[in-house]
Each structure stands twice: as structure tokens, then as C-alpha cells.
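Text of the file coords.cif, holding mmCIF, C-alpha atoms:
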data_upload
#
loop_
_atom_site.label_atom_id
_atom_site.label_comp_id
_atom_site.auth_asym_id
_atom_site.auth_seq_id
_atom_site.Cartn_x
_atom_site.Cartn_y
_atom_site.Cartn_z
CA MET H 415 71.44 27.88 44.27
CA LYS H 416 69.02 27.82 41.36
CA PRO H 417 65.76 29.67 42.10
CA ASP H 418 62.39 28.08 41.42
CA LEU H 419 61.42 29.42 38.02
CA LEU H 420 57.83 30.12 37.06
CA PHE H 421 56.33 28.25 34.16
CA ASP H 422 52.62 28.50 33.35
CA PHE H 423 50.79 27.38 30.23
CA ILE H 424 47.08 28.20 30.18
CA VAL H 425 44.63 27.50 27.38
CA ASP H 426 41.54 29.73 27.50
CA LYS H 427 39.05 28.45 24.94
CA PRO H 428 36.42 31.21 25.48
CA THR H 429 38.94 33.89 24.46
CA LYS H 430 40.73 31.66 21.87
CA LYS H 431 44.05 32.35 23.61
CA MET H 432 47.04 30.55 25.05
CA PHE H 433 48.93 32.26 27.85
CA VAL H 434 52.53 31.17 28.38
CA THR H 435 54.67 32.61 31.18
CA ARG H 436 58.23 31.37 31.65
CA GLU H 437 61.03 32.69 33.81
CA PHE H 438 64.70 32.26 32.94
CA ASN H 439 67.72 32.54 35.21
CA ALA H 440 69.37 35.02 32.84
CA THR H 441 69.52 38.73 32.08
CA LEU H 442 66.84 40.43 30.05
CA SER H 443 69.31 41.34 27.29
CA LEU H 444 70.39 37.72 26.89
CA VAL H 445 66.83 36.36 26.78
CA TRP H 446 65.79 39.15 24.38
CA ASP H 447 68.69 38.19 22.10
CA ALA H 448 67.68 34.52 22.29
CA PHE H 449 64.23 35.42 20.94
CA THR H 450 65.34 38.00 18.37
CA LYS H 451 68.65 36.89 16.84
CA GLN H 452 68.67 34.26 14.13
CA GLU H 453 71.93 32.60 15.18
CA ILE H 454 70.54 31.98 18.69
CA LEU H 455 66.97 31.12 17.66
CA ASP H 456 68.24 28.35 15.41
CA GLN H 457 69.93 26.74 18.42
CA TRP H 458 66.67 26.20 20.35
CA TRP H 459 63.47 26.94 18.39
CA ALA H 460 62.56 23.29 17.67
CA PRO H 461 61.72 20.32 19.89
CA LYS H 462 64.65 17.92 19.92
CA PRO H 463 65.70 15.96 17.92
CA TRP H 464 64.32 18.41 15.32
CA THR H 465 66.34 21.51 14.41
CA SER H 466 65.41 25.04 13.44
CA GLN H 467 66.86 26.39 10.19
CA THR H 468 66.18 30.01 9.31
CA LYS H 469 66.18 30.83 5.61
CA PHE H 470 66.05 34.58 6.34
CA MET H 471 65.21 36.92 9.18
CA ASP H 472 64.71 40.68 9.26
CA PHE H 473 63.87 41.69 12.84
CA LYS H 474 62.09 44.99 12.26
CA VAL H 475 58.47 46.11 12.01
CA GLY H 476 57.27 44.82 8.66
CA GLY H 477 60.11 42.29 8.56
CA ARG H 478 59.81 38.55 8.89
CA ARG H 479 61.51 35.32 9.83
CA PHE H 480 61.08 32.41 7.41
CA TYR H 481 62.28 29.12 8.82
CA ALA H 482 61.80 25.38 8.89
CA MET H 483 61.69 22.86 11.68
CA VAL H 484 63.65 19.95 10.23
CA SER H 485 63.37 16.32 11.35
CA PRO H 486 66.45 14.09 11.71
CA GLU H 487 65.37 12.48 8.40
CA GLY H 488 65.39 15.89 6.67
CA GLN H 489 61.64 16.51 6.52
CA ALA H 490 61.03 20.29 6.71
CA HIS H 491 57.94 22.00 8.14
CA TRP H 492 58.00 25.66 7.10
CA SER H 493 56.68 28.65 9.05
CA ILE H 494 56.74 32.41 8.87
CA GLN H 495 56.73 35.04 11.59
CA LYS H 496 55.80 38.55 10.48
CA TYR H 497 56.90 41.28 12.91
CA THR H 498 54.02 43.70 13.50
CA ALA H 499 55.40 45.73 16.47
CA ILE H 500 58.70 45.98 18.32
CA THR H 501 59.59 47.84 21.51
CA PRO H 502 63.28 46.99 22.07
CA THR H 503 64.01 44.69 25.03
CA THR H 504 60.42 44.71 26.33
CA ASN H 505 57.98 43.54 23.65
CA PHE H 506 57.46 42.33 20.13
CA LYS H 507 54.38 41.15 18.27
CA ILE H 508 54.18 38.73 15.38
CA PHE H 509 51.74 37.01 13.13
CA ALA H 510 52.85 33.37 12.91
CA ALA H 511 51.67 30.90 10.29
CA PHE H 512 52.55 27.59 8.70
CA THR H 513 53.64 27.78 5.07
CA ASP H 514 55.16 25.73 2.31
CA LYS H 515 58.79 26.09 1.20
CA ASP H 516 57.76 29.01 -1.06
CA GLU H 517 56.11 31.02 1.78
CA ASN H 518 52.56 30.22 0.67
CA MET H 519 50.28 30.11 3.72
CA ASN H 520 48.83 26.72 4.54
CA PRO H 521 45.04 27.32 4.66
CA GLU H 522 44.48 24.09 6.60
CA MET H 523 46.79 25.13 9.44
CA PRO H 524 46.00 27.87 11.96
CA GLY H 525 47.83 31.17 12.04
CA SER H 526 48.06 33.16 15.26
CA ASP H 527 48.94 36.56 16.67
CA TRP H 528 51.66 36.52 19.32
CA ASP H 529 52.30 39.28 21.90
CA VAL H 530 55.64 38.60 23.64
CA HIS H 531 56.61 40.64 26.74
CA PHE H 532 59.95 40.63 28.58
CA SER H 533 60.73 41.89 32.09
CA GLU H 534 63.56 41.35 34.57
CA GLU H 535 63.75 41.37 38.33
CA ASN H 536 66.83 40.39 40.36
CA GLY H 537 68.50 38.69 37.40
CA ILE H 538 65.43 36.59 36.55
CA THR H 539 63.81 37.38 33.20
CA LYS H 540 60.12 36.70 32.71
CA VAL H 541 58.72 36.10 29.24
CA SER H 542 54.94 36.42 28.98
CA ILE H 543 53.37 35.32 25.71
CA VAL H 544 49.75 35.67 24.63
CA ILE H 545 48.84 33.70 21.52
CA LEU H 546 45.50 34.60 19.92
CA TYR H 547 43.78 32.37 17.37
CA LYS H 548 41.15 33.61 14.93
CA ASP H 549 38.63 31.02 16.03
CA LEU H 550 38.13 28.13 18.46
CA ALA H 551 38.71 25.54 15.73
CA SER H 552 42.23 26.93 15.14
CA LEU H 553 43.03 26.83 18.85
CA GLU H 554 41.74 23.26 19.10
CA LYS H 555 43.84 22.25 16.08
CA MET H 556 46.97 23.46 17.91
CA ILE H 557 45.94 21.53 21.03
CA GLU H 558 45.45 18.44 18.84
CA MET H 559 48.94 18.98 17.35
CA ARG H 560 50.37 18.93 20.90
CA PHE H 561 51.68 22.49 20.64
CA GLN H 562 51.89 22.79 24.43
CA GLY H 563 54.26 19.83 24.74
CA GLY H 564 56.51 20.96 21.91
CA PHE H 565 56.65 24.58 23.04
CA THR H 566 57.37 23.48 26.61
CA MET H 567 60.27 21.37 25.33
CA ILE H 568 61.85 24.25 23.42
CA LEU H 569 61.49 26.72 26.30
CA ASN H 570 63.09 24.20 28.66
CA TYR H 571 65.88 23.68 26.13
CA LEU H 572 66.44 27.44 26.00
CA GLU H 573 66.93 27.41 29.79
CA THR H 574 69.75 24.87 29.42
CA LEU H 575 71.32 26.87 26.57
CA LEU H 576 71.37 30.28 28.29
CA PRO H 577 74.33 29.70 30.68
CA GLY H 578 76.61 28.91 27.72
CA LEU H 579 75.35 31.93 25.82
CA SER H 580 76.01 34.25 28.76
CA LYS H 581 79.69 33.25 28.71
CA ASN H 582 79.87 34.43 25.08
CA GLN H 583 78.40 37.87 25.77
#

Do you think you could lay out the structure here as C-alpha cells?
Amino acid sequence: MKPDLLFDFIVDKPTKKMFVTREFNATLSLVWDAFTKQEILDQWWAPKPWTSQTKFMDFKVGGRRFYAMVSPEGQAHWSIQKYTAITPTTNFKIFAAFTDKDENMNPEMPGSDWDVHFSEENGITKVSIVILYKDLASLEKMIEMRFQGGFTMILNYLETLLPGLSKNQ
């Protein structure tokens, strides 16, 4: 029987933060890998029918992931994630920003600091994410861009992907 899995998405305008908590019916090591390995990230890190295509990824402090979300028509929206802290299997922090295909930051699009925590209890892994924006206008831009809907879609897609990944471990 599948347990009821927690999923919360809270926008807190006074603190300029989004709080996302999502449980997965999978082991901590599998969920950690899904968030930190390029070959798995590219399977789920885009709202369908878009795909995620990583140009390069170096998961270490000071490293980065440079990737595009690509539409079915081939339109690419580039982003970068710069890893600022990593505590294996429990936490990593990134600065995330929209860029062009040459890694130049898009000054019209908001960047954000992400703090991603992982914990496991009884085979259920909880991912708790705090996303901090530099100002209220940046947070409101992400709300306007329907970030919550898109991010919810990809996290739900990850849930459907995890059982197949666990068979490959």
C-alpha cells in the first residue's frame, strides 16, 4: 500500500522565500542520486513535454551544472546551478540563475539561492527546499512565471520515475 506522501509549497513574501517539502517513497540514497547525478536529473528536471539537457555538470563545491530546458520544438531555455555547499546525502546549496547559451546571466530574470535538505524515515525520503530571492520583485516574477506549477510537475514526475530507478541500483 502506498503511503500518503507529504507535499507542501509555501510562498512567504515577507521573507522573499519559497518553501517546498516533498516526500518520496524511496530510499535516501536513490533520491539523493536523482538530485545530484546528471544522467538521472536529465530524466525528470523539466515539466513535460519539455526535456532537460545538461551541457556539463561538476557536482562539487565550486562546481556547476549548466543545462537547458528544451521544448518539443527545440527552443532551449538555459540555466546554471552553482554548487556553494555540499554535505553528502543530507544537504546541498546552490545559486540558480537563468542564462543564455553562453552562460551569461540574464539580468531580467531572477536568480535564487537554494538550500536542499534530505532525510529518511521508514523508507520515505523527505526533501525540504528553501529558495531565497534577493528581493520581492524577483519572487513575484517567479510566481508570475508559474514556477510553482512547473516545479510541482517535475517533482511528481520524479515520484513516478523512482521505482524504475530503484530496480537499476

Expansion of the PyMOL selection byres ((chain H and resi 459-475) around 10) into residues, as a VMD selection string: chain H and resid 448 to 458 476 to 501 506 to 508 515 563 to 572

Mind dumping the selected residues with C-alpha atoms as a short mmCIF file (atom, residue, chain, number, x, y, z; two decimals), keeping the file's coordinate frame?
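New file selection17.cif:
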data_model
loop_
_atom_site.label_atom_id
_atom_site.label_comp_id
_atom_site.auth_asym_id
_atom_site.auth_seq_id
_atom_site.Cartn_x
_atom_site.Cartn_y
_atom_site.Cartn_z
CA ALA H 448 67.68 34.52 22.29
CA PHE H 449 64.23 35.42 20.94
CA THR H 450 65.34 38.00 18.37
CA LYS H 451 68.65 36.89 16.84
CA GLN H 452 68.67 34.26 14.13
CA GLU H 453 71.93 32.60 15.18
CA ILE H 454 70.54 31.98 18.69
CA LEU H 455 66.97 31.12 17.66
CA ASP H 456 68.24 28.35 15.41
CA GLN H 457 69.93 26.74 18.42
CA TRP H 458 66.67 26.20 20.35
CA GLY H 476 57.27 44.82 8.66
CA GLY H 477 60.11 42.29 8.56
CA ARG H 478 59.81 38.55 8.89
CA ARG H 479 61.51 35.32 9.83
CA PHE H 480 61.08 32.41 7.41
CA TYR H 481 62.28 29.12 8.82
CA ALA H 482 61.80 25.38 8.89
CA MET H 483 61.69 22.86 11.68
CA VAL H 484 63.65 19.95 10.23
CA SER H 485 63.37 16.32 11.35
CA PRO H 486 66.45 14.09 11.71
CA GLU H 487 65.37 12.48 8.40
CA GLY H 488 65.39 15.89 6.67
CA GLN H 489 61.64 16.51 6.52
CA ALA H 490 61.03 20.29 6.71
CA HIS H 491 57.94 22.00 8.14
CA TRP H 492 58.00 25.66 7.10
CA SER H 493 56.68 28.65 9.05
CA ILE H 494 56.74 32.41 8.87
CA GLN H 495 56.73 35.04 11.59
CA LYS H 496 55.80 38.55 10.48
CA TYR H 497 56.90 41.28 12.91
CA THR H 498 54.02 43.70 13.50
CA ALA H 499 55.40 45.73 16.47
CA ILE H 500 58.70 45.98 18.32
CA THR H 501 59.59 47.84 21.51
CA PHE H 506 57.46 42.33 20.13
CA LYS H 507 54.38 41.15 18.27
CA ILE H 508 54.18 38.73 15.38
CA LYS H 515 58.79 26.09 1.20
CA GLY H 563 54.26 19.83 24.74
CA GLY H 564 56.51 20.96 21.91
CA PHE H 565 56.65 24.58 23.04
CA THR H 566 57.37 23.48 26.61
CA MET H 567 60.27 21.37 25.33
CA ILE H 568 61.85 24.25 23.42
CA LEU H 569 61.49 26.72 26.30
CA ASN H 570 63.09 24.20 28.66
CA TYR H 571 65.88 23.68 26.13
CA LEU H 572 66.44 27.44 26.00
#

Selection under test: the PyMOL selection byres ((chain H and resi 523-536) around 7); residues as a PyMOL selection string: chain H and resi 441-442+503-512+520-522+537-548+552

CA of Arg436 in chain H to CA of Phe421 in chain H, distance in Å rounded to a single decimal: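 So the two atoms, CA of Arg436 in chain H and CA of Phe421 in chain H, lie 4.4 Å apart.
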
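One distance worth recording is that between CA of Leu419 in chain H and CA of Glu437 in chain H, which is 5.3 Å.
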
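One finds CA of Met519 in chain H at 21.6 Å from CA of Met432 in chain H.
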
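Distance annotation: of H:Arg560, H:Phe433, H:Phe423, H:Pro502, the residue with the minimal separation from Trp446 in chain H is H:Pro502; atom set is only C-alpha atoms.
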
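Using all atoms listed in the file for every distance, the candidate list H:Ser580, H:Thr429, H:Asn439, H:Thr513 yields H:Thr429 as the residue closest to Asp549 in chain H.
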
Any chance you could turn range 472-519 of chain H into a file with N, CA and C atoms, as a short mmCIF file (atom, residue, chain, number, x, y, z; two decimals), in the first residue's frame?
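Output below, filename selection28.cif:
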data_model
loop_
_atom_site.label_atom_id
_atom_site.label_comp_id
_atom_site.auth_asym_id
_atom_site.auth_seq_id
_atom_site.Cartn_x
_atom_site.Cartn_y
_atom_site.Cartn_z
N ASP H 472 29.41 19.39 -12.73
CA ASP H 472 30.52 19.06 -11.85
C ASP H 472 30.00 19.24 -10.43
N PHE H 473 29.48 18.14 -9.86
CA PHE H 473 28.85 18.20 -8.54
C PHE H 473 29.91 18.20 -7.45
N LYS H 474 30.40 19.40 -7.15
CA LYS H 474 31.35 19.63 -6.07
C LYS H 474 31.23 21.10 -5.69
N VAL H 475 31.68 21.45 -4.50
CA VAL H 475 31.66 22.85 -4.08
C VAL H 475 32.50 23.64 -5.07
N GLY H 476 31.93 24.70 -5.61
CA GLY H 476 32.59 25.49 -6.63
C GLY H 476 32.28 25.01 -8.04
N GLY H 477 31.68 23.83 -8.15
CA GLY H 477 31.29 23.30 -9.45
C GLY H 477 29.94 23.84 -9.88
N ARG H 478 29.50 23.39 -11.07
CA ARG H 478 28.23 23.89 -11.55
C ARG H 478 27.59 22.91 -12.52
N ARG H 479 26.30 23.10 -12.68
CA ARG H 479 25.53 22.38 -13.70
C ARG H 479 24.99 23.42 -14.67
N PHE H 480 25.28 23.25 -15.95
CA PHE H 480 24.80 24.14 -16.99
C PHE H 480 23.89 23.31 -17.89
N TYR H 481 22.64 23.71 -17.99
CA TYR H 481 21.67 22.88 -18.68
C TYR H 481 20.60 23.75 -19.36
N ALA H 482 19.85 23.09 -20.22
CA ALA H 482 18.73 23.76 -20.88
C ALA H 482 17.47 22.93 -20.67
N MET H 483 16.36 23.63 -20.54
CA MET H 483 15.05 23.01 -20.66
C MET H 483 14.64 23.25 -22.11
N VAL H 484 14.36 22.15 -22.82
CA VAL H 484 14.15 22.22 -24.26
C VAL H 484 12.71 21.83 -24.59
N SER H 485 12.05 22.71 -25.37
CA SER H 485 10.67 22.46 -25.78
C SER H 485 10.63 21.39 -26.86
N PRO H 486 9.45 20.80 -27.11
CA PRO H 486 9.35 19.82 -28.20
C PRO H 486 9.75 20.39 -29.56
N GLU H 487 9.64 21.71 -29.72
CA GLU H 487 10.03 22.37 -30.98
C GLU H 487 11.52 22.70 -31.02
N GLY H 488 12.25 22.41 -29.93
CA GLY H 488 13.69 22.65 -29.90
C GLY H 488 14.13 23.97 -29.30
N GLN H 489 13.18 24.74 -28.76
CA GLN H 489 13.54 26.01 -28.12
C GLN H 489 14.19 25.71 -26.76
N ALA H 490 15.39 26.26 -26.53
CA ALA H 490 16.14 26.00 -25.30
C ALA H 490 16.13 27.21 -24.38
N HIS H 491 15.84 26.95 -23.10
CA HIS H 491 15.93 27.97 -22.05
C HIS H 491 17.04 27.52 -21.11
N TRP H 492 18.14 28.27 -21.09
CA TRP H 492 19.35 27.89 -20.37
C TRP H 492 19.35 28.36 -18.93
N SER H 493 19.97 27.56 -18.07
CA SER H 493 20.11 27.89 -16.65
C SER H 493 21.43 27.34 -16.13
N ILE H 494 21.85 27.92 -15.01
CA ILE H 494 23.05 27.43 -14.34
C ILE H 494 22.74 27.25 -12.86
N GLN H 495 23.35 26.23 -12.30
CA GLN H 495 23.30 25.98 -10.86
C GLN H 495 24.74 25.92 -10.38
N LYS H 496 25.10 26.83 -9.48
CA LYS H 496 26.46 26.84 -8.93
C LYS H 496 26.41 26.25 -7.53
N TYR H 497 27.18 25.18 -7.30
CA TYR H 497 27.17 24.49 -6.01
C TYR H 497 28.03 25.26 -5.00
N THR H 498 27.38 25.71 -3.92
CA THR H 498 28.07 26.53 -2.92
C THR H 498 28.40 25.76 -1.65
N ALA H 499 27.70 24.65 -1.39
CA ALA H 499 27.98 23.80 -0.22
C ALA H 499 27.39 22.42 -0.49
N ILE H 500 28.09 21.40 0.00
CA ILE H 500 27.61 20.02 -0.15
C ILE H 500 27.97 19.24 1.11
N THR H 501 26.96 18.62 1.72
CA THR H 501 27.16 17.65 2.79
C THR H 501 26.54 16.36 2.27
N PRO H 502 27.37 15.39 1.84
CA PRO H 502 26.86 14.21 1.15
C PRO H 502 25.66 13.55 1.82
N THR H 503 24.68 13.27 1.02
CA THR H 503 23.40 12.61 1.30
C THR H 503 22.44 13.39 2.20
N THR H 504 22.84 14.56 2.70
CA THR H 504 21.91 15.29 3.56
C THR H 504 21.60 16.71 3.10
N ASN H 505 22.51 17.35 2.36
CA ASN H 505 22.27 18.75 2.02
C ASN H 505 23.19 19.21 0.89
N PHE H 506 22.64 20.06 0.04
CA PHE H 506 23.49 20.84 -0.85
C PHE H 506 22.84 22.20 -1.04
N LYS H 507 23.67 23.18 -1.38
CA LYS H 507 23.20 24.54 -1.62
C LYS H 507 23.69 24.98 -2.99
N ILE H 508 22.83 25.73 -3.67
CA ILE H 508 23.18 26.22 -4.99
C ILE H 508 22.73 27.66 -5.15
N PHE H 509 23.39 28.34 -6.06
CA PHE H 509 22.86 29.58 -6.61
C PHE H 509 22.36 29.20 -8.00
N ALA H 510 21.09 29.48 -8.27
CA ALA H 510 20.48 29.13 -9.56
C ALA H 510 20.11 30.41 -10.30
N ALA H 511 20.37 30.41 -11.61
CA ALA H 511 20.06 31.60 -12.40
C ALA H 511 19.78 31.21 -13.85
N PHE H 512 19.01 32.05 -14.51
CA PHE H 512 18.75 31.89 -15.94
C PHE H 512 19.91 32.53 -16.70
N THR H 513 20.28 31.90 -17.81
CA THR H 513 21.40 32.39 -18.61
C THR H 513 21.05 32.30 -20.09
N ASP H 514 22.01 32.72 -20.90
CA ASP H 514 21.89 32.44 -22.33
C ASP H 514 22.74 31.20 -22.62
N LYS H 515 22.83 30.81 -23.88
CA LYS H 515 23.56 29.59 -24.25
C LYS H 515 25.06 29.68 -23.97
N ASP H 516 25.57 30.90 -23.70
CA ASP H 516 26.99 31.10 -23.41
C ASP H 516 27.27 31.31 -21.93
N GLU H 517 26.28 31.00 -21.08
CA GLU H 517 26.38 31.14 -19.62
C GLU H 517 26.34 32.57 -19.11
N ASN H 518 25.95 33.52 -19.93
CA ASN H 518 25.81 34.90 -19.46
C ASN H 518 24.49 35.02 -18.71
N MET H 519 24.57 35.53 -17.48
CA MET H 519 23.37 35.69 -16.66
C MET H 519 22.36 36.60 -17.35
#
